[in-house]
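Below is run-v5.pdb, which holds PDB, C-alpha atoms.
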ATOM      1  CA  MET F1452      17.569  14.195   1.672
ATOM      2  CA  LYS F1453      20.434  12.896   3.818
ATOM      3  CA  LEU F1454      17.986  11.830   6.542
ATOM      4  CA  ARG F1455      15.862  10.061   3.924
ATOM      5  CA  LEU F1456      18.887   8.132   2.625
ATOM      6  CA  VAL F1457      19.843   7.092   6.161
ATOM      7  CA  ALA F1458      16.238   5.982   6.838
ATOM      8  CA  ALA F1459      16.138   4.010   3.542
ATOM      9  CA  PHE F1460      19.475   2.350   4.364
ATOM     10  CA  ALA F1461      18.313   1.477   7.907
ATOM     11  CA  ALA F1462      15.002   0.047   6.608
ATOM     12  CA  SER F1463      16.859  -2.018   3.966
ATOM     13  CA  LEU F1464      19.231  -3.435   6.592
ATOM     14  CA  LEU F1465      16.269  -4.257   8.801
ATOM     15  CA  ILE F1466      14.457  -6.093   6.003
ATOM     16  CA  ILE F1467      17.644  -8.068   5.178
ATOM     17  CA  PHE F1468      17.949  -9.048   8.837
ATOM     18  CA  ALA F1469      14.212  -9.861   8.992
ATOM     19  CA  GLY F1470      14.626 -12.134   5.956
ATOM     20  CA  TYR F1471      17.615 -13.886   7.532
ATOM     21  CA  ALA F1472      15.761 -14.305  10.853
ATOM     22  CA  ALA F1473      12.645 -15.705   9.155
ATOM     23  CA  LEU F1474      14.615 -18.113   6.935
ATOM     24  CA  PHE F1475      17.268 -19.331   9.391
ATOM     25  CA  ILE F1476      16.496 -18.333  13.011
ATOM     26  CA  ALA F1477      12.731 -18.984  13.307
ATOM     27  CA  PRO F1478      11.998 -22.477  14.718
ATOM     28  CA  GLU F1479      10.519 -25.178  12.497
ATOM     29  CA  GLU F1480       6.795 -25.795  12.930
ATOM     30  CA  ARG F1481       5.745 -29.380  13.768
ATOM     31  CA  THR F1482       3.249 -30.105  10.952
ATOM     32  CA  MET F1483       4.126 -27.709   8.122
ATOM     33  CA  HIS F1484       7.892 -27.741   8.785
ATOM     34  CA  GLU F1485      10.076 -24.997   7.282
ATOM     35  CA  ILE F1486       7.494 -23.662   4.786
ATOM     36  CA  GLN F1487       5.575 -22.212   7.752
ATOM     37  CA  ARG F1488       8.311 -19.539   7.989
ATOM     38  CA  ILE F1489       6.556 -17.701   5.110
ATOM     39  CA  PHE F1490       4.101 -16.751   7.862
ATOM     40  CA  CYS F1491       6.568 -14.019   8.983
ATOM     41  CA  PHE F1492       6.402 -12.176   5.626
ATOM     42  CA  HIS F1493       2.749 -13.034   5.035
ATOM     43  CA  LEU F1494       1.389 -11.762   8.360
ATOM     44  CA  ALA F1495       3.679  -8.688   8.331
ATOM     45  CA  SER F1496       2.284  -7.716   4.912
ATOM     46  CA  TRP F1497      -1.307  -7.999   6.176
ATOM     47  CA  ILE F1498      -0.608  -5.955   9.314
ATOM     48  CA  THR F1499       0.929  -3.135   7.225
ATOM     49  CA  SER F1500      -1.822  -3.418   4.619
ATOM     50  CA  PHE F1501      -4.623  -3.105   7.183
ATOM     51  CA  THR F1502      -2.771  -0.201   8.849
ATOM     52  CA  ALA F1503      -2.468   1.653   5.520
ATOM     53  CA  PHE F1504      -6.146   1.033   4.705
ATOM     54  CA  PHE F1505      -7.115   2.251   8.192
ATOM     55  CA  ILE F1506      -5.106   5.472   7.658
ATOM     56  CA  ALA F1507      -6.903   5.895   4.296
ATOM     57  CA  PHE F1508     -10.271   5.298   5.987
ATOM     58  CA  VAL F1509      -9.628   7.925   8.696
ATOM     59  CA  ALA F1510      -8.326  10.376   6.050
ATOM     60  CA  ASN F1511     -11.415   9.772   3.865
ATOM     61  CA  ILE F1512     -13.763  10.546   6.764
ATOM     62  CA  ALA F1513     -11.666  13.600   7.701
ATOM     63  CA  TYR F1514     -11.842  14.836   4.085
ATOM     64  CA  LEU F1515     -15.627  14.464   3.955
ATOM     65  CA  ALA F1516     -15.888  16.385   7.263
ATOM     66  CA  THR F1517     -13.411  19.193   6.505
ATOM     67  CA  ARG F1518     -12.868  19.216   2.679
ATOM     68  CA  ARG F1519      -9.187  19.913   3.250
ATOM     69  CA  ALA F1520      -6.891  18.711   0.459
ATOM     70  CA  LYS F1521      -4.262  17.210   2.790
ATOM     71  CA  TRP F1522      -6.754  14.527   3.888
ATOM     72  CA  ASP F1523      -7.377  13.582   0.270
ATOM     73  CA  SER F1524      -3.608  13.223  -0.270
ATOM     74  CA  LEU F1525      -3.309  11.078   2.858
ATOM     75  CA  GLY F1526      -6.268   8.967   1.710
ATOM     76  CA  VAL F1527      -4.783   8.140  -1.674
ATOM     77  CA  ALA F1528      -1.334   7.487  -0.147
ATOM     78  CA  GLY F1529      -2.888   5.036   2.329
ATOM     79  CA  ALA F1530      -4.909   3.270  -0.366
ATOM     80  CA  GLU F1531      -1.977   2.860  -2.762
ATOM     81  CA  VAL F1532       0.519   1.682  -0.120
ATOM     82  CA  GLY F1533      -2.204  -0.644   1.231
ATOM     83  CA  VAL F1534      -2.653  -2.158  -2.236
ATOM     84  CA  ALA F1535       1.134  -2.743  -2.498
ATOM     85  CA  CYS F1536       1.194  -4.547   0.889
ATOM     86  CA  CYS F1537      -2.021  -6.437   0.013
ATOM     87  CA  THR F1538      -0.370  -7.608  -3.240
ATOM     88  CA  ILE F1539       2.554  -9.029  -1.216
ATOM     89  CA  GLY F1540       0.060 -10.900   0.994
ATOM     90  CA  LEU F1541      -1.812 -12.240  -2.037
ATOM     91  CA  ILE F1542       1.435 -13.558  -3.588
ATOM     92  CA  THR F1543       3.075 -14.969  -0.430
ATOM     93  CA  GLY F1544      -0.194 -16.717   0.565
ATOM     94  CA  PRO F1545      -0.315 -19.035  -2.492
ATOM     95  CA  LEU F1546       3.467 -19.667  -2.201
ATOM     96  CA  TRP F1547       2.728 -20.999   1.298
ATOM     97  CA  ALA F1548      -0.526 -22.753   0.319
ATOM     98  CA  ARG F1549       0.819 -24.837  -2.595
ATOM     99  CA  PRO F1550       3.158 -27.116  -0.570
ATOM    100  CA  VAL F1551       0.758 -27.303   2.405
ATOM    101  CA  TRP F1552      -2.723 -27.575   0.806
ATOM    102  CA  GLY F1553      -1.649 -28.932  -2.587
ATOM    103  CA  ILE F1554      -3.413 -26.004  -4.320
ATOM    104  CA  TRP F1555      -2.432 -22.397  -5.000
ATOM    105  CA  TRP F1556      -5.825 -20.879  -4.244
ATOM    106  CA  THR F1557      -9.331 -21.718  -3.040
ATOM    107  CA  TRP F1558     -12.457 -19.560  -2.912
ATOM    108  CA  ASP F1559     -13.037 -19.834   0.857
ATOM    109  CA  ALA F1560     -14.417 -16.919   2.888
ATOM    110  CA  ARG F1561     -11.022 -15.524   3.995
ATOM    111  CA  LEU F1562      -9.367 -15.649   0.574
ATOM    112  CA  THR F1563     -12.430 -14.405  -1.297
ATOM    113  CA  THR F1564     -13.016 -11.400   1.001
ATOM    114  CA  THR F1565      -9.296 -10.601   0.734
ATOM    115  CA  PHE F1566      -9.374 -10.699  -3.071
ATOM    116  CA  ILE F1567     -12.472  -8.453  -3.002
ATOM    117  CA  LEU F1568     -10.586  -6.044  -0.719
ATOM    118  CA  TRP F1569      -7.729  -5.833  -3.248
ATOM    119  CA  LEU F1570     -10.219  -5.269  -6.103
ATOM    120  CA  LEU F1571     -12.055  -2.569  -4.117
ATOM    121  CA  TYR F1572      -8.906  -0.517  -3.535
ATOM    122  CA  ILE F1573      -7.743  -1.030  -7.157
ATOM    123  CA  SER F1574     -11.185   0.358  -8.146
ATOM    124  CA  TYR F1575     -10.653   3.291  -5.752
ATOM    125  CA  LEU F1576      -7.382   4.139  -7.533
ATOM    126  CA  LEU F1577      -8.933   3.686 -11.000
ATOM    127  CA  LEU F1578     -11.876   5.908 -10.011
ATOM    128  CA  ARG F1579      -9.440   8.689  -9.129
ATOM    129  CA  GLY F1580      -7.859   8.407 -12.550
ATOM    130  CA  LEU F1581     -11.224   8.751 -14.280
ATOM    131  CA  LEU F1582     -12.370  11.980 -12.588
ATOM    132  CA  GLU F1583     -10.786  15.237 -13.749
ATOM    133  CA  ASP F1584     -12.362  17.786 -11.407
ATOM    134  CA  PRO F1585     -10.186  17.706  -8.231
ATOM    135  CA  GLN F1586     -13.013  18.364  -5.763
ATOM    136  CA  ARG F1587     -15.382  15.862  -7.341
ATOM    137  CA  ARG F1588     -12.545  13.315  -7.484
ATOM    138  CA  ALA F1589     -11.689  13.821  -3.811
ATOM    139  CA  THR F1590     -15.322  13.639  -2.629
ATOM    140  CA  LEU F1591     -16.359  10.594  -4.664
ATOM    141  CA  SER F1592     -13.174   8.665  -3.895
ATOM    142  CA  ALA F1593     -13.501   9.482  -0.161
ATOM    143  CA  ILE F1594     -17.060   8.073  -0.160
ATOM    144  CA  PHE F1595     -15.869   5.004  -2.080
ATOM    145  CA  GLY F1596     -12.883   4.637   0.300
ATOM    146  CA  VAL F1597     -15.146   4.564   3.378
ATOM    147  CA  PHE F1598     -17.288   1.915   1.670
ATOM    148  CA  ALA F1599     -14.190  -0.142   0.647
ATOM    149  CA  PHE F1600     -12.853  -0.204   4.221
ATOM    150  CA  LEU F1601     -15.996  -2.060   5.379
ATOM    151  CA  ASP F1602     -14.418  -5.199   3.884
ATOM    152  CA  VAL F1603     -11.384  -5.027   6.243
ATOM    153  CA  PRO F1604     -13.235  -6.239   9.400
ATOM    154  CA  LEU F1605     -14.924  -8.863   7.224
ATOM    155  CA  VAL F1606     -11.511 -10.173   6.085
ATOM    156  CA  TYR F1607     -10.263 -10.182   9.684
ATOM    157  CA  MET F1608     -13.328 -12.050  10.992
ATOM    158  CA  ALA F1609     -13.789 -14.436   8.020
ATOM    159  CA  ASN F1610     -11.856 -17.383   9.500
ATOM    160  CA  ARG F1611     -13.461 -16.780  12.899
ATOM    161  CA  LEU F1612     -17.035 -16.686  11.568
ATOM    162  CA  TRP F1613     -16.902 -19.396   8.888
ATOM    163  CA  ARG F1614     -15.136 -22.713   8.294
ATOM    164  CA  THR F1615     -12.262 -21.932   5.964
ATOM    165  CA  GLN F1616      -9.347 -23.687   4.294
ATOM    166  CA  HIS F1617      -7.241 -20.811   5.617
ATOM    167  CA  PRO F1618      -5.900 -21.730   9.105
ATOM    168  CA  GLN F1619      -7.559 -20.425  12.251
ATOM    169  CA  PRO F1620      -5.832 -17.393  13.839
ATOM    170  CA  VAL F1621      -2.749 -18.115  15.946
ATOM    171  CA  ILE F1622      -2.598 -14.586  17.371
ATOM    172  CA  LEU F1623      -5.681 -13.394  19.295
ATOM    173  CA  GLY F1624      -7.265 -16.720  18.372
ATOM    174  CA  SER F1625      -9.156 -19.347  20.382
ATOM    175  CA  ALA F1626      -7.869 -21.044  23.533
ATOM    176  CA  GLY F1627      -4.748 -23.118  22.808
ATOM    177  CA  SER F1628      -3.630 -20.886  19.950
ATOM    178  CA  GLY F1629      -0.362 -18.978  20.180
ATOM    179  CA  LEU F1630       3.180 -18.711  18.915
ATOM    180  CA  ASP F1631       6.505 -20.167  19.970
ATOM    181  CA  PRO F1632       8.331 -17.315  21.825
ATOM    182  CA  LEU F1633      11.245 -17.339  19.327
ATOM    183  CA  MET F1634       8.855 -17.326  16.373
ATOM    184  CA  GLY F1635       7.065 -14.402  18.052
ATOM    185  CA  LYS F1636      10.328 -12.429  18.256
ATOM    186  CA  VAL F1637      11.184 -13.144  14.593
ATOM    187  CA  LEU F1638       7.667 -12.114  13.592
ATOM    188  CA  LEU F1639       8.076  -8.861  15.532
ATOM    189  CA  VAL F1640      11.325  -8.092  13.644
ATOM    190  CA  CYS F1641       9.547  -8.771  10.325
ATOM    191  CA  VAL F1642       6.612  -6.522  11.288
ATOM    192  CA  ILE F1643       8.972  -3.679  12.343
ATOM    193  CA  ALA F1644      10.921  -4.035   9.046
ATOM    194  CA  ALA F1645       7.697  -3.984   7.021
ATOM    195  CA  PHE F1646       6.495  -0.879   8.914
ATOM    196  CA  GLY F1647       9.865   0.811   8.256
ATOM    197  CA  ILE F1648       9.644   0.254   4.489
ATOM    198  CA  MET F1649       5.942   1.127   4.511
ATOM    199  CA  ALA F1650       6.622   4.450   6.273
ATOM    200  CA  LEU F1651       9.265   5.378   3.670
ATOM    201  CA  VAL F1652       7.033   4.707   0.656
ATOM    202  CA  PHE F1653       4.075   6.305   2.428
ATOM    203  CA  VAL F1654       5.946   9.596   2.917
ATOM    204  CA  ASP F1655       7.029   9.583  -0.754
ATOM    205  CA  ARG F1656       3.508   8.798  -1.989
ATOM    206  CA  TYR F1657       2.041  11.620   0.134
ATOM    207  CA  HIS F1658       4.685  13.999  -1.248
ATOM    208  CA  LEU F1659       3.803  12.878  -4.802
ATOM    209  CA  GLU F1660       0.144  13.760  -4.234
ATOM    210  CA  GLN F1661       1.089  17.219  -2.913
ATOM    211  CA  LEU F1662       3.187  17.806  -6.061
ATOM    212  CA  ARG F1663       0.329  16.604  -8.270
ATOM    213  CA  ARG F1664      -1.966  19.154  -6.614
ATOM    214  CA  GLU F1665       0.591  21.930  -7.087
ATOM    215  CA  ALA F1666       0.959  20.991 -10.774
ATOM    216  CA  GLU F1667      -2.836  21.016 -11.215
ATOM    217  CA  GLU F1668      -3.093  24.517  -9.712
ATOM    218  CA  LEU F1669      -0.285  25.813 -11.931
ATOM    219  CA  ARG F1670      -1.894  24.241 -15.019
ATOM    220  CA  GLN F1671      -5.189  25.999 -14.201
ATOM    221  CA  GLU F1672      -3.360  29.306 -13.757
ATOM    222  CA  VAL F1673      -1.589  28.926 -17.121
ATOM    223  CA  GLU F1674      -4.901  28.076 -18.812
ATOM    224  CA  SER F1675      -6.755  31.033 -17.239
ATOM    225  CA  ARG F1676      -3.960  33.438 -18.269
ATOM    226  CA  ALA F1677      -4.041  32.085 -21.812
ATOM    227  CA  PHE F1678      -7.835  32.544 -21.865
ATOM    228  CA  GLU F1679      -7.535  36.126 -20.533
ATOM    229  CA  SER F1680      -4.928  37.130 -23.123
ATOM    230  CA  GLU F1681      -6.999  35.523 -25.899
ATOM    231  CA  SER F1682     -10.201  37.356 -24.880
ATOM    232  CA  SER F1683      -8.364  40.727 -24.545
ATOM    233  CA  SER F1684      -6.829  40.322 -28.020
ATOM    234  CA  LYS F1685     -10.324  39.575 -29.399
ATOM    235  CA  LYS F1686     -11.613  42.802 -27.784
ATOM    236  CA  ASP F1687      -8.749  44.787 -29.340
ATOM    237  CA  ARG F1688      -9.620  43.427 -32.781
ATOM    238  CA  THR F1689     -13.318  44.397 -32.452
TER     239      THR F1689
ATOM    240  CA  MET J1198      15.406 -27.502   3.291
ATOM    241  CA  LYS J1199      12.809 -29.018   0.951
ATOM    242  CA  ASN J1200      10.752 -25.899   0.330
ATOM    243  CA  PHE J1201      13.581 -23.356   0.429
ATOM    244  CA  PRO J1202      12.857 -22.017  -3.126
ATOM    245  CA  ASN J1203       9.296 -21.092  -2.082
ATOM    246  CA  LEU J1204      10.545 -19.473   1.129
ATOM    247  CA  PHE J1205      13.238 -17.501  -0.668
ATOM    248  CA  LEU J1206      10.781 -16.498  -3.399
ATOM    249  CA  ALA J1207       8.372 -15.147  -0.747
ATOM    250  CA  TRP J1208      11.157 -12.964   0.704
ATOM    251  CA  MET J1209      12.108 -11.761  -2.790
ATOM    252  CA  VAL J1210       8.452 -10.896  -3.481
ATOM    253  CA  VAL J1211       8.493  -8.538  -0.472
ATOM    254  CA  TRP J1212      11.627  -6.844  -1.854
ATOM    255  CA  ALA J1213      10.444  -6.774  -5.461
ATOM    256  CA  VAL J1214       7.014  -5.271  -4.755
ATOM    257  CA  PHE J1215       8.389  -2.530  -2.482
ATOM    258  CA  PHE J1216      11.292  -1.825  -4.877
ATOM    259  CA  VAL J1217       9.124  -1.609  -8.015
ATOM    260  CA  TYR J1218       6.563   0.523  -6.177
ATOM    261  CA  GLU J1219       9.190   2.908  -4.766
ATOM    262  CA  VAL J1220      10.821   3.275  -8.216
ATOM    263  CA  SER J1221       7.403   4.041  -9.751
ATOM    264  CA  VAL J1222       6.691   6.700  -7.072
ATOM    265  CA  ALA J1223      10.176   8.246  -7.504
ATOM    266  CA  ARG J1224       9.735   8.430 -11.299
ATOM    267  CA  ARG J1225       6.305  10.062 -10.948
ATOM    268  CA  ILE J1226       7.786  12.595  -8.476
ATOM    269  CA  ALA J1227      10.619  13.431 -10.903
ATOM    270  CA  ARG J1228       8.146  13.880 -13.797
ATOM    271  CA  LEU J1229       5.919  16.165 -11.705
ATOM    272  CA  ARG J1230       8.892  18.269 -10.529
ATOM    273  CA  GLU J1231       9.900  18.806 -14.159
ATOM    274  CA  GLU J1232       6.334  19.771 -15.092
ATOM    275  CA  ILE J1233       6.065  22.206 -12.147
ATOM    276  CA  GLU J1234       9.333  23.875 -13.187
ATOM    277  CA  ARG J1235       8.111  24.137 -16.799
ATOM    278  CA  LEU J1236       4.769  25.651 -15.730
ATOM    279  CA  LYS J1237       6.480  28.137 -13.385
ATOM    280  CA  ARG J1238       8.781  29.239 -16.231
ATOM    281  CA  GLN J1239       5.732  29.612 -18.492
ATOM    282  CA  LEU J1240       3.976  31.799 -15.882
ATOM    283  CA  ARG J1241       7.072  33.986 -15.463
ATOM    284  CA  GLY J1242       7.054  34.414 -19.241
ATOM    285  CA  ASP J1243      10.518  32.929 -19.849
TER     286      ASP J1243
END

What would the structure in this file look like if it were written as C-alpha cells?
Amino acid sequence: MKLRLVAAFAASLLIIFAGYAALFIAPEERTMHEIQRIFCFHLASWITSFTAFFIAFVANIAYLATRRAKWDSLGVAGAEVGVACCTIGLITGPLWARPVWGIWWTWDARLTTTFILWLLYISYLLLRGLLEDPQRRATLSAIFGVFAFLDVPLVYMANRLWRTQHPQPVILGSAGSGLDPLMGKVLLVCVIAAFGIMALVFVDRYHLEQLRREAEELRQEVESRAFESESSSKKDRT
Amino acid sequence: MKNFPNLFLAWMVVWAVFFVYEVSVARRIARLREEIERLKRQLRGD
C-alpha cells in the first residue's frame, strides 16, 4: 500500500512535469506554432494505447492456448486501459485539429480506422458484460480480442498507405521527417509519464479482475450449498 | 499564446480521463471486497 502511494505520487509528479515541459519548454513549430505542442500528449496516449492493446492481444492468444484465468484477467485489463488511452487520443486529436484544419473531425483513413478501433474494444468490453458463464465469456472475448487487434496495424499504416488529412508520420516516417531534439526529449518525458500512469491503473484493473473471479467462485459456492441444504430438507420431508 | 486554452484543455483531458478511470476502478475494487467479505461470512455461517 505504501509502495503504491509512493508510485502514484511519483507518477503524478512526472505527469505535472510532462505537462509543464510540453506547454512551456517544447520549441514552437514553424507552421502550426504553439498548438503543435498537443502532439506530446496526443502521441503519448497512442503509444500507451497500442501497448495496452498489444498486451491484451498476447493475453487473448495465451488464454486460447492455455485456458488459464490469469490470461483472461490480463486481457480485459489491457483492453480497458487501452480504451482509456484511446479516448484521450480521440479527444486531444480534435483539440489539435480545430485550430489547424478548421474542423474538429474528418472521416479520413487514419481517423476512421482509429474510431473503429475504439468501437471494437468498447464492443469487447460490452460483450464481456453480456455473457454470464465465465469460461464462455473468456473464450468468446479472447477470440473477439484477437480479431479487434487486427485494426491496430491498420491504424498505424493508414497515413502511410493512403492520402489522409492527418499529417504524415514524423517518427519512423519518410526521408526528411523527424523531430527537433528538444521536442524529442519533451516527448520522451511525456511518454514515460503516460507509461507510469498506465502501469498504475493497469495493476489496479488486473487486481479488480482477480477479485471479480474470487467473488464469482464464492457466489457459486454459496448457491451450491443453498441448493444442497434445500434438497436434503426435501428428502427429510418425504 | 493564442491557442493556450486548447493546449491546457488537452493536458487536463489526460488528467481527467486517468483520474475518472482510476476512481471508477477503485470504487469497483471496494465494492467487490465488501461482497467477498459478505460471502465469506455467509459461508462460515455467521

Next on the checklist: Translate the PyMOL selection byres ((chain J) within 9 of (chain F)) into a concrete residue list for this structure, as JSON, numbers by chain.
Outcome noted: {"J": [1198, 1199, 1200, 1201, 1203, 1204, 1205, 1206, 1207, 1208, 1210, 1211, 1212, 1214, 1215, 1218, 1219, 1222, 1223, 1225, 1226, 1229, 1230, 1232, 1233, 1236, 1237, 1239, 1240]}

Box for region 1679-1688 of chain F: with edges along x, y and z, all listed atoms inside and 4 Å added on each side, what are the centre and edge lengths in Å to one decimal, as JSON?
{"center_x": -8.3, "center_y": 40.2, "center_z": -26.7, "size_x": 14.7, "size_y": 17.3, "size_z": 20.2}

Next on the checklist: the PyMOL selection byres ((chain F and resi 1615) around 7) - which residues does that actually catch in the file I just gave you? List them as a list in words.
Outcome noted: Asp1559, Ala1560, Arg1561, Asn1610, Trp1613, Arg1614, Gln1616 and His1617 of chain F

Next on the checklist: When the PyMOL selection byres ((chain F and resi 1525) around 8) is applied to the structure above, which residues does it catch, written out as a ChimeraX atom specification?
Outcome noted: /F:1506-1507,1510,1521-1524,1526-1529,1657

Item to check | Coordinates-based distance that separates CA of Met1634 (chain F) from CA of Val1457 (chain F) (Å, one decimal) | outcome: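 Value for the CA of Val1457 (chain F)-CA of Met1634 (chain F) distance: 28.7 Å.
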
Item to check | Using only C-alpha atoms: which of F:Gly1635, F:Asp1584, F:Thr1564, F:Ser1500 has the shortest distance to Leu1601 (chain F) | outcome: F:Thr1564

Pick out the residues sitting within 8 Å of region 1588-1600 of chain F, and hand them over as a CSV table (one decimal) with C-alpha atoms, in the frame of the given file; count only C-alpha atoms, and ignore anything fewer than 4 positions along from it in its own chain.
chain,number,residue,atom,x,y,z
F,1504,PHE,CA,-6.1,1.0,4.7
F,1505,PHE,CA,-7.1,2.3,8.2
F,1507,ALA,CA,-6.9,5.9,4.3
F,1508,PHE,CA,-10.3,5.3,6.0
F,1511,ASN,CA,-11.4,9.8,3.9
F,1512,ILE,CA,-13.8,10.5,6.8
F,1514,TYR,CA,-11.8,14.8,4.1
F,1515,LEU,CA,-15.6,14.5,4.0
F,1523,ASP,CA,-7.4,13.6,0.3
F,1526,GLY,CA,-6.3,9.0,1.7
F,1568,LEU,CA,-10.6,-6.0,-0.7
F,1571,LEU,CA,-12.1,-2.6,-4.1
F,1572,TYR,CA,-8.9,-0.5,-3.5
F,1575,TYR,CA,-10.7,3.3,-5.8
F,1578,LEU,CA,-11.9,5.9,-10.0
F,1579,ARG,CA,-9.4,8.7,-9.1
F,1582,LEU,CA,-12.4,12.0,-12.6
F,1583,GLU,CA,-10.8,15.2,-13.7
F,1584,ASP,CA,-12.4,17.8,-11.4
F,1604,PRO,CA,-13.2,-6.2,9.4

Item to check | Computed interatomic separation between CA of Cys1641 (chain F) and CA of Leu1454 (chain F) (Å) | outcome: 22.6 Å

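CA of Val1637 (chain F) to CA of Ile1476 (chain F) spans 7.6 Å [interatomic distance, one decimal].
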